[in-house]
There are 4 protein chains.
Amino acid sequence: MNSFGRIFKVSIFGESHGAALGAVVDGVRAGIKLDAASLEADILRRKSGGKGTTPRIEGDEPEILSGVLEGYTTGAPLAILFRNTNVRSGDYDALKEVPRPGHADYTASVKWNGFNDPRGGGHFSGRLTLPLVAAGVIAKLQTGFDYSAEVIEIGGETCKDKWDGLLSSASAEGDSLGGVVECRIEGVPAGLGEPFFDSVESLISHAMFSIPGVRGVEFGDGFAASRMKGSEHNDPFVLEGSTVATSKNGSGGVNGGLTNGAPIVFRVAFKPTSSIAKGQDTLNVKSGETVRLNVPGRHDVCFALRTPVVVEALSAIVLADLQLISGV
Amino acid sequence: MNSFGRIFKVSIFGESHGAALGAVVDGVRAGIKLDAASLEADILRRKSGGKGTTPRIEGDEPEILSGVLEGYTTGAPLAILFRNTNVRSGDYDALKEVPRPGHADYTASVKWNGFNDPRGGGHFSGRLTLPLVAAGVIAKLQTGFDYSAEVIEIGGETCKDKWDGLLSSASAEGDSLGGVVECRIEGVPAGLGEPFFDSVESLISHAMFSIPGVRGVEFGDGFAASRMKGSEHNDPFVLEGSTVATSKNGSGGVNGGLTNGAPIVFRVAFKPTSSIAKGQDTLNVKSGETVRLNVPGRHDVCFALRTPVVVEALSAIVLADLQLISGV
Amino acid sequence: MNSFGRIFKVSIFGESHGAALGAVVDGVRAGIKLDAASLEADILRRKSGGKGTTPRIEGDEPEILSGVLEGYTTGAPLAILFRNTNVRSGDYDALKEVPRPGHADYTASVKWNGFNDPRGGGHFSGRLTLPLVAAGVIAKLQTGFDYSAEVIEIGGETCKDKWDGLLSSASAEGDSLGGVVECRIEGVPAGLGEPFFDSVESLISHAMFSIPGVRGVEFGDGFAASRMKGSEHNDPFVLEGSTVATSKNGSGGVNGGLTNGAPIVFRVAFKPTSSIAKGQDTLNVKSGETVRLNVPGRHDVCFALRTPVVVEALSAIVLADLQLISGV
Amino acid sequence: MNSFGRIFKVSIFGESHGAALGAVVDGVRAGIKLDAASLEADILRRKSGGKGTTPRIEGDEPEILSGVLEGYTTGAPLAILFRNTNVRSGDYDALKEVPRPGHADYTASVKWNGFNDPRGGGHFSGRLTLPLVAAGVIAKLQTGFDYSAEVIEIGGETCKDKWDGLLSSASAEGDSLGGVVECRIEGVPAGLGEPFFDSVESLISHAMFSIPGVRGVEFGDGFAASRMKGSEHNDPFVLEGSTVATSKNGSGGVNGGLTNGAPIVFRVAFKPTSSIAKGQDTLNVKSGETVRLNVPGRHDVCFALRTPVVVEALSAIVLADLQLISGV
């Protein structure tokens, strides 16, 4: 099920160390000004290079193969292609018999009878989020809403000044850190969402949990809401100018699964990177023996750092679809 | 979008105070032993009557209209009908101009131009979970897995001995409480889940966030995973007899979006009931004046108490579909 | 797969001799004036009673269970229920071992391991078109287009004056007749249809071939187009007032899978009724012996006579969905 | 809606004169032996070059970008890319104001507000069937059934000996011819098909009518069935060895929408090529004046000649999906 959406529909393909990755984006409105350069800013935000990210650096040059003519979308599907260039398959050969804890190595092998591509996680790699970011740019342009996601917590620490030290020491230990990303979407009109099953939260969480390494999603007050009283959590309606609004936003902008006009606010919990240099026990599934594993390869210490733009992209894809479905 | 699933597909209809509610369940295997009585135990678990639940008591008698012949499913879709009997529409008349905070009154009115059924939340009512519970029984029988969900926290309190007092005092204040439900599913084989977008977590969270009043969903270590190091969160593979297993279950039974054979474990955060007798300020959307509202009607102090069987039902619906898709 | 449509979605259930049949219609616009009486005219057109139709007469009283409040659609799904009243299960008992030629008795039994409901064709009965006709009324109201289907040929005879005699003599022989229905839809704007796979013809033919007993579907010049030259079949564009139109309609109102503003015109070929009193050889699948079968029960001599309103209904369901998808 | 299928799902993209065309094929079983060479034979069958086909000759070299590792499918989606090489955009410039009769020029322009790619029909070109043929090869391998489609009629002539003369004279006149393709699929087990809406005929006709230029689809006796009596059209069941079979195949291998084990047989009517050199009147949509049009460019005299492999491919795509859905 490598497609997402009903009308604005994104299909992705590719593997971490295969020839190429890409997305086919269907349901794009005709007449949107777009070229490969339009995709650059968001692709750059996802790139590695900063503190706590992998030394594997890819060109990430998008090629738009279809759906654009003379700088404008045509209404036909856009295919966007990224060639992989910086590939080191050899790094992964030893892992075939020894599945890495926390990875899809074992489960993919069960599902696909050992024919799965194990190189760099294959089709399960975070690298698949690259074409999603490109598709997200189109969705952002199509919806016209204002998306801003940022890391608000690393290794449990909310004070950004301390993150540098945390990343350095985790890296020195050969270990990794998780993080939390908060996303805020403004400018969304009231009434988006499709009960009963396609509530805004349902669709956004569905999209978020497809990002590799997500462990939790919460809206507005989130888990804390379950510890509040109704009189504390409810958002009173008020008039802002001539617009119905709420005086606070404990619901995260959604009532009954429908947007209420307040900013959509949600948080996504990312686990620590599974691939760590530090030794950990695991199993040789062929011999049945316990193995002390130090995962080779190049990995992010905290991949959550690269995900805010992915979170935005998937949010935009969800809302582009809801916008078309509701015809608003 | 009142349908969920690709092959095992559930469509629901009805309103809190309308003539009837129901579900059409498609993709049911032929030859499952089933009659209306098979549905009773789970329907009873969802019923009100206990401490902290509403005094509105409904018969909740299911009628199976199709898809069963001589006590066995036929392969054709099952339609299951529940007539509403204990309806008090009058309770809700005053709310048309004054949307209740935390409810869909306002957003549904925007979406449907004021034609929405406002009685008891109409189509947005938690009462819609009744046909889901019935559909869930069929999904449980079809999958054969072992589902157990329970409330693990009310109003932030994890010690069950103290819940009675919390409920009493919230009720006395005319206020409400939230809660957290944990669900554990055993017996699931490795390999269920459909990358990239239909990870097990994506589908389960999608289903969970369709339950009215959910604010968060997390798997395994959940949000706490974002505060752990990779060496702490990773689940080492081990051999249990001749089976590949993990020595702990921080992932909640899912690696790379695919089940790994360990129990699926997740938690759902429910907000406190929005309808409270206690006064709260809100808006008369016609006059623009602030109104002091005491929500009339009969409501649960803590509706989370009635949801574990709903959480199980939706989990089973997700897994029944994944089972058919993967052909395992 | 008892659902059809992406946004305007119809799910059906029921069996010929079960408790009830019905449809759940999702994606209905809020504010359409509707009650059970609105459905009567089309339900009556589908009813038996005329020459060449079965003596089994059903009440066909629709009950709208949800989605309508005070005479207007609410935006929530409509469930429409029909109770079966005139049921004679006994007629079909002998057929379990002897599948009727032309029916689904054998194939359904293979698919569902013998658990299928064999009474009157069960879920495969033409009686399932009853809830479709009801759903079609809603689709007609929602689209606002003008649908007219009629039988244009019975037993190969296009001269209506001769049909009465043909039906009488086929009935006297215990045999049955097929027919062709032509449908014409006016008022459709240009631009409906979703390339590549959801051309207007693709969706309409998909819907038509779900009607039991359809053997062929053709648009505009149809099969005759394959015997024409391009210069004969092409429809020249002309100006009608200020509107772009075509001077003839060999394409049936569709260019490149998209409506062109001309009437959509197509024909549907219905086979002769499979159930005939006249003796025919078939197989006892248990004993392996050849059996001389005279199908008992009450059957139409020419069921095509009852299908024009079904053809209209399914067309309207297709176009209601396309209208919502394209947002026109 | 450039995707087709529920589990075995094909998404296509590209334009006749754009950079590239391609398909993403999801739901492919892991472990199928496959490389680019596997696709050659069917791609060659679709190629032009024979009598009655266009002088535009493309390389049609497939590149498999993902989903295959060391010669075997991995279970992840396959992306297959074809670069366009022999492109002459200039041929089409004059057509922007003068839509060609029988083409999507006008309707696409309405749908996409003039932003559509008009070059060679853009996304509506028959060239889009190239990636479908590639996807079809995978579907054929996955289903293991035996597909054979052939042209049985050109310009109304069923005697193949006369086709050469017909094509020569139509070509000399600057005119075009239509044709009929018959497809026969053997080896299909009984029980495939998903009532009510996804009958085998529904899905196959849906797929066929997505091929540009199809005007009709019929199964078994087809339109002729509507002129037969029940006693003539019904297929008696017989025993062939120990297998239940039918003594003839008027139904085209489908009873009640489900395969019955006999060969699936259907015919597809293709219109004559719309682009003809011969002069025809049409409209300048800007000036409103009538224009005498001789369509430039390189075109098939009878494009039906190139479609049998496309018909097979789409049939295989339908059956691959049904096979996965039914789990047979």
# chains A, B, ... in the order shown; residues from 1 in each chain; ligands from 1
call {"tool": "residues_around", "arguments": {"residues": "segment 108-110 of chain B", "least_positions_apart": "5", "cutoff": "12 Å", "atoms": "only C-alpha atoms", "output": "number ranges by chain"}}
result
A: 189-196, 244, 254-261, 326, 328; B: 95-100, 103, 115-118, 121-125, 285; C: 30-31, 74-76
call {"tool": "residues_around", "arguments": {"residues": "segment 231-242 of chain C", "least_positions_apart": "6", "cutoff": "9 Å", "atoms": "only C-alpha atoms", "output": "mmCIF file with N, CA and C atoms, in the first residue's frame"}}
result
data_model
loop_
_atom_site.group_PDB
_atom_site.id
_atom_site.type_symbol
_atom_site.label_atom_id
_atom_site.label_comp_id
_atom_site.auth_asym_id
_atom_site.auth_seq_id
_atom_site.Cartn_x
_atom_site.Cartn_y
_atom_site.Cartn_z
ATOM 1 N N ASP C 221 -21.678 5.240 -31.069
ATOM 2 C CA ASP C 221 -21.795 4.293 -32.174
ATOM 3 C C ASP C 221 -21.460 2.860 -31.755
ATOM 4 N N ALA C 225 -18.970 1.476 -34.422
ATOM 5 C CA ALA C 225 -17.859 2.401 -34.666
ATOM 6 C C ALA C 225 -16.649 1.672 -35.226
ATOM 7 N N LYS C 248 -22.782 15.885 -34.431
ATOM 8 C CA LYS C 248 -23.423 14.582 -34.232
ATOM 9 C C LYS C 248 -22.802 13.982 -32.980
ATOM 10 N N ASN C 249 -23.243 12.783 -32.582
ATOM 11 C CA ASN C 249 -22.812 12.269 -31.283
ATOM 12 C C ASN C 249 -22.389 10.812 -31.357
ATOM 13 N N GLY C 250 -21.493 10.513 -32.261
ATOM 14 C CA GLY C 250 -21.004 9.144 -32.415
ATOM 15 C C GLY C 250 -20.197 8.668 -31.230
ATOM 16 N N SER C 251 -19.684 9.623 -30.455
ATOM 17 C CA SER C 251 -18.848 9.255 -29.305
ATOM 18 C C SER C 251 -19.691 8.971 -28.071
ATOM 19 N N PRO D 99 -9.462 22.217 -31.666
ATOM 20 C CA PRO D 99 -9.444 20.859 -31.111
ATOM 21 C C PRO D 99 -9.790 19.828 -32.184
ATOM 22 N N ARG D 100 -9.031 18.746 -32.188
ATOM 23 C CA ARG D 100 -9.260 17.698 -33.181
ATOM 24 C C ARG D 100 -10.508 16.896 -32.841
ATOM 25 N N PRO D 101 -11.405 16.687 -33.790
ATOM 26 C CA PRO D 101 -12.580 15.854 -33.528
ATOM 27 C C PRO D 101 -12.159 14.477 -33.026
ATOM 28 N N GLY D 102 -12.879 13.982 -32.050
ATOM 29 C CA GLY D 102 -12.617 12.637 -31.547
ATOM 30 C C GLY D 102 -11.515 12.561 -30.513
ATOM 31 N N HIS D 103 -10.791 13.662 -30.290
ATOM 32 C CA HIS D 103 -9.695 13.669 -29.324
ATOM 33 C C HIS D 103 -10.123 14.347 -28.016
ATOM 34 N N ASP D 175 -7.625 8.282 -44.556
ATOM 35 C CA ASP D 175 -8.678 7.954 -43.594
ATOM 36 C C ASP D 175 -8.185 6.844 -42.656
ATOM 37 N N SER D 176 -9.042 6.360 -41.771
ATOM 38 C CA SER D 176 -8.612 5.370 -40.779
ATOM 39 C C SER D 176 -9.684 4.306 -40.594
ATOM 40 N N LYS D 271 -12.606 2.173 -31.982
ATOM 41 C CA LYS D 271 -13.016 3.103 -33.027
ATOM 42 C C LYS D 271 -11.890 3.263 -34.037
ATOM 43 N N PRO D 272 -12.186 3.832 -35.205
ATOM 44 C CA PRO D 272 -11.099 4.185 -36.130
ATOM 45 C C PRO D 272 -10.261 5.310 -35.528
ATOM 46 N N SER D 274 -8.723 8.636 -34.641
ATOM 47 C CA SER D 274 -9.359 9.949 -34.804
ATOM 48 C C SER D 274 -8.540 10.890 -35.673
ATOM 49 N N ILE D 276 -6.863 11.969 -38.689
ATOM 50 C CA ILE D 276 -6.812 11.593 -40.100
ATOM 51 C C ILE D 276 -6.318 12.774 -40.927
ATOM 52 N N LYS D 278 -7.179 13.255 -44.009
ATOM 53 C CA LYS D 278 -8.332 13.679 -44.809
ATOM 54 C C LYS D 278 -8.989 14.899 -44.166
ATOM 55 N N GLY D 279 -9.423 15.820 -44.991
ATOM 56 C CA GLY D 279 -10.009 17.036 -44.450
ATOM 57 C C GLY D 279 -11.322 16.804 -43.741
ATOM 58 N N GLN D 280 -11.501 17.468 -42.586
ATOM 59 C CA GLN D 280 -12.779 17.396 -41.874
ATOM 60 C C GLN D 280 -13.047 18.777 -41.271
ATOM 61 N N ASP D 281 -14.322 19.107 -41.205
ATOM 62 C CA ASP D 281 -14.687 20.396 -40.622
ATOM 63 C C ASP D 281 -14.611 20.329 -39.109
ATOM 64 N N THR D 282 -14.100 21.403 -38.516
ATOM 65 C CA THR D 282 -14.197 21.529 -37.062
ATOM 66 C C THR D 282 -14.166 23.022 -36.733
ATOM 67 N N LEU D 283 -13.981 23.305 -35.426
ATOM 68 C CA LEU D 283 -14.203 24.665 -34.956
ATOM 69 C C LEU D 283 -12.902 25.276 -34.460
ATOM 70 N N ASN D 284 -12.693 26.532 -34.782
ATOM 71 C CA ASN D 284 -11.675 27.297 -34.056
ATOM 72 C C ASN D 284 -12.384 27.869 -32.826
ATOM 73 N N VAL D 285 -12.034 27.318 -31.652
ATOM 74 C CA VAL D 285 -12.798 27.680 -30.446
ATOM 75 C C VAL D 285 -12.551 29.115 -30.005
ATOM 76 N N GLY D 288 -14.379 31.102 -33.231
ATOM 77 C CA GLY D 288 -15.740 30.652 -33.502
ATOM 78 C C GLY D 288 -15.970 30.291 -34.959
ATOM 79 N N GLU D 289 -14.916 30.331 -35.759
ATOM 80 C CA GLU D 289 -15.092 30.016 -37.177
ATOM 81 C C GLU D 289 -14.901 28.538 -37.461
ATOM 82 N N THR D 290 -15.610 28.067 -38.493
ATOM 83 C CA THR D 290 -15.416 26.702 -38.946
ATOM 84 C C THR D 290 -14.075 26.605 -39.662
#
call {"tool": "select_by_dssp", "arguments": {"residues": "segment 107-176 of chain D", "states": "helix (DSSP H, G or I)", "output": "number ranges by chain"}}
result
D: 107-111, 119-124, 126-143, 160-172
call {"tool": "interface_residues", "arguments": {"of": "chain D", "to": "chain A", "cutoff": "9 Å", "atoms": "only C-alpha atoms", "output": "PyMOL selection string"}}
result
chain D and resi 1-3+6-7+9+11-15+18-22+24+26-27+29-31+64-69+72-79+111-117+122-123
call {"tool": "write_last_selection", "arguments": {"atoms": "N, CA and C atoms", "output": "compact mmCIF listing (two decimals), in the first residue's frame"}}
result
# COMPACT_ATOMS: atom_id res chain seq x y z
N MET D 1 -7.18 10.00 -11.20
CA MET D 1 -7.30 8.60 -10.83
C MET D 1 -6.45 7.74 -11.74
N ASN D 2 -5.16 7.96 -11.59
CA ASN D 2 -4.21 7.27 -12.44
C ASN D 2 -3.68 6.00 -11.80
N SER D 3 -4.48 5.46 -10.88
CA SER D 3 -4.15 4.18 -10.26
C SER D 3 -5.30 3.22 -10.50
N ARG D 6 -6.79 -2.67 -6.13
CA ARG D 6 -6.84 -2.49 -4.68
C ARG D 6 -5.57 -2.95 -4.00
N ILE D 7 -5.07 -4.12 -4.37
CA ILE D 7 -3.85 -4.64 -3.74
C ILE D 7 -2.75 -4.72 -4.81
N LYS D 9 -1.75 -2.98 -7.56
CA LYS D 9 -2.15 -1.63 -7.94
C LYS D 9 -1.14 -1.03 -8.91
N SER D 11 -0.03 2.40 -10.94
CA SER D 11 -0.15 3.85 -11.12
C SER D 11 0.68 4.26 -12.32
N ILE D 12 0.11 5.06 -13.21
CA ILE D 12 0.86 5.45 -14.40
C ILE D 12 1.00 6.96 -14.49
N PHE D 13 1.99 7.38 -15.24
CA PHE D 13 2.24 8.81 -15.43
C PHE D 13 2.90 9.01 -16.79
N GLY D 14 2.89 10.25 -17.24
CA GLY D 14 3.60 10.58 -18.47
C GLY D 14 2.71 11.18 -19.54
N GLU D 15 3.38 11.74 -20.54
CA GLU D 15 2.69 12.33 -21.68
C GLU D 15 3.36 11.87 -22.96
N GLY D 18 6.28 14.20 -23.50
CA GLY D 18 6.99 14.68 -22.32
C GLY D 18 8.32 13.97 -22.17
N ALA D 19 8.96 14.15 -21.01
CA ALA D 19 10.29 13.56 -20.81
C ALA D 19 10.23 12.04 -20.74
N ALA D 20 9.20 11.52 -20.10
CA ALA D 20 9.17 10.08 -19.85
C ALA D 20 7.76 9.63 -19.51
N LEU D 21 7.56 8.33 -19.62
CA LEU D 21 6.32 7.69 -19.14
C LEU D 21 6.73 6.57 -18.20
N GLY D 22 5.78 6.13 -17.37
CA GLY D 22 6.14 5.03 -16.50
C GLY D 22 4.98 4.52 -15.70
N VAL D 24 4.17 2.60 -11.70
CA VAL D 24 4.57 2.06 -10.41
C VAL D 24 3.62 0.90 -10.12
N ASP D 26 2.43 -1.91 -7.53
CA ASP D 26 2.45 -2.28 -6.12
C ASP D 26 1.72 -3.61 -5.93
N GLY D 27 2.04 -4.32 -4.89
CA GLY D 27 1.36 -5.58 -4.61
C GLY D 27 1.97 -6.76 -5.34
N ARG D 29 4.18 -9.91 -5.80
CA ARG D 29 4.66 -10.97 -4.91
C ARG D 29 6.20 -10.98 -4.92
N ALA D 30 6.80 -11.21 -3.78
CA ALA D 30 8.26 -11.31 -3.73
C ALA D 30 8.69 -12.63 -4.35
N GLY D 31 9.84 -12.57 -5.05
CA GLY D 31 10.43 -13.81 -5.55
C GLY D 31 10.09 -14.17 -6.98
N ILE D 64 13.98 -0.53 -15.00
CA ILE D 64 13.34 -0.89 -13.73
C ILE D 64 14.10 -0.19 -12.61
N LEU D 65 13.42 0.71 -11.92
CA LEU D 65 14.11 1.58 -10.96
C LEU D 65 14.10 1.04 -9.54
N SER D 66 13.19 0.14 -9.25
CA SER D 66 13.05 -0.31 -7.85
C SER D 66 12.30 -1.63 -7.82
N GLY D 67 12.33 -2.27 -6.68
CA GLY D 67 11.51 -3.46 -6.47
C GLY D 67 12.09 -4.75 -6.99
N VAL D 68 13.27 -4.68 -7.59
CA VAL D 68 13.92 -5.90 -8.08
C VAL D 68 15.34 -5.91 -7.55
N LEU D 69 15.76 -7.04 -7.00
CA LEU D 69 17.13 -7.17 -6.50
C LEU D 69 17.70 -8.49 -6.99
N TYR D 72 15.23 -10.79 -8.90
CA TYR D 72 13.97 -11.25 -8.33
C TYR D 72 13.21 -10.07 -7.71
N THR D 73 11.90 -10.11 -7.82
CA THR D 73 11.09 -9.07 -7.18
C THR D 73 11.24 -9.18 -5.67
N THR D 74 11.21 -8.00 -5.01
CA THR D 74 11.51 -7.98 -3.57
C THR D 74 10.25 -7.87 -2.71
N GLY D 75 9.10 -7.56 -3.33
CA GLY D 75 7.89 -7.29 -2.55
C GLY D 75 7.59 -5.80 -2.48
N ALA D 76 8.60 -4.97 -2.67
CA ALA D 76 8.42 -3.51 -2.71
C ALA D 76 7.96 -3.11 -4.12
N PRO D 77 7.37 -1.92 -4.25
CA PRO D 77 6.82 -1.55 -5.56
C PRO D 77 7.88 -1.42 -6.64
N LEU D 78 7.52 -1.84 -7.84
CA LEU D 78 8.38 -1.69 -9.01
C LEU D 78 8.03 -0.40 -9.74
N ALA D 79 9.03 0.42 -9.96
CA ALA D 79 8.84 1.57 -10.84
C ALA D 79 9.54 1.26 -12.16
N LYS D 111 -11.43 20.78 -18.65
CA LYS D 111 -11.21 20.23 -17.31
C LYS D 111 -10.05 20.92 -16.61
N TRP D 112 -8.99 21.20 -17.34
CA TRP D 112 -7.78 21.71 -16.73
C TRP D 112 -7.49 23.16 -17.11
N ASN D 113 -8.54 23.87 -17.46
CA ASN D 113 -8.44 25.31 -17.70
C ASN D 113 -7.33 25.71 -18.67
N GLY D 114 -7.12 24.90 -19.66
CA GLY D 114 -6.14 25.25 -20.68
C GLY D 114 -4.70 24.94 -20.31
N PHE D 115 -4.48 24.40 -19.12
CA PHE D 115 -3.11 24.07 -18.70
C PHE D 115 -2.68 22.67 -19.15
N ASN D 116 -3.60 21.91 -19.74
CA ASN D 116 -3.26 20.54 -20.17
C ASN D 116 -2.16 20.56 -21.23
N ASP D 117 -1.43 19.47 -21.27
CA ASP D 117 -0.36 19.31 -22.26
C ASP D 117 -1.00 18.83 -23.56
N GLY D 122 -1.00 14.49 -25.14
CA GLY D 122 -0.51 14.61 -23.77
C GLY D 122 -0.74 13.35 -22.97
N HIS D 123 -1.41 13.51 -21.84
CA HIS D 123 -1.65 12.38 -20.93
C HIS D 123 -2.75 11.45 -21.46
call {"tool": "select_by_dssp", "arguments": {"residues": "segment 47-269 of chain B", "states": "strand (DSSP E)", "output": "ChimeraX atom specification"}}
result
/B:62-64,68-69,72-73,78-83,146-154,179-186,214-219,237-240,243-246,254-255,258-259,264-269
call {"tool": "residues_around", "arguments": {"residues": "Ala139 of chain B", "least_positions_apart": "5", "cutoff": "8 Å", "atoms": "only C-alpha atoms", "output": "MDAnalysis selection string"}}
result
chainID B and resid 313 316:317 319:320
call {"tool": "write_last_selection", "arguments": {"atoms": "C-alpha atoms", "output": "PDB file, in the first residue's frame"}}
result
ATOM      1  CA  ALA B 313     -13.253  -3.883  18.181  1.00  0.00           C
ATOM      2  CA  ALA B 316      -9.783  -6.418  15.323  1.00  0.00           C
ATOM      3  CA  ILE B 317     -11.293  -4.664  12.295  1.00  0.00           C
ATOM      4  CA  LEU B 319      -6.209  -6.808  11.735  1.00  0.00           C
ATOM      5  CA  ALA B 320      -8.983  -8.674   9.918  1.00  0.00           C
TER       6      ALA B 320
END
call {"tool": "closest_residue", "arguments": {"among": "A:Ser199, A:Ser275, A:Ser148, A:Thr54", "to": "Glu312 of chain A", "atoms": "only C-alpha atoms"}}
result
A:Ser148
call {"tool": "residues_around", "arguments": {"residues": "Val181 of chain A", "least_positions_apart": "2", "cutoff": "7 Å", "atoms": "only C-alpha atoms", "output": "ChimeraX atom specification"}}
result
/A:149-152,179,183,267-269,308
call {"tool": "residues_around", "arguments": {"residues": "Asp60 of chain D", "least_positions_apart": "3", "cutoff": "8 Å", "atoms": "only C-alpha atoms", "output": "PyMOL selection string"}}
result
chain D and resi 43+82-84+130
call {"tool": "atom_distance", "arguments": {"atom1": "atom CA of Thr307 of chain D", "atom2": "atom CA of Ala224 of chain C"}}
result
18.1 Å
call {"tool": "residues_around", "arguments": {"residues": "Met228 of chain C", "least_positions_apart": "6", "cutoff": "7 Å", "atoms": "only C-alpha atoms", "output": "JSON, numbers by chain"}}
result
{"D": [155, 177, 178, 272]}
call {"tool": "atom_distance", "arguments": {"atom1": "atom CA of Leu132 of chain C", "atom2": "atom CA of Gly5 of chain C"}}
result
12.7 Å
call {"tool": "residues_around", "arguments": {"residues": "Val309 of chain C", "least_positions_apart": "5", "cutoff": "8 Å", "atoms": "only C-alpha atoms", "output": "list in words"}}
result
Asp42, Arg45, Arg46, Val133 and Ala149 of chain C
call {"tool": "atom_distance", "arguments": {"atom1": "atom CA of Gly327 of chain D", "atom2": "atom CA of Gly144 of chain D"}}
result
14.6 Å
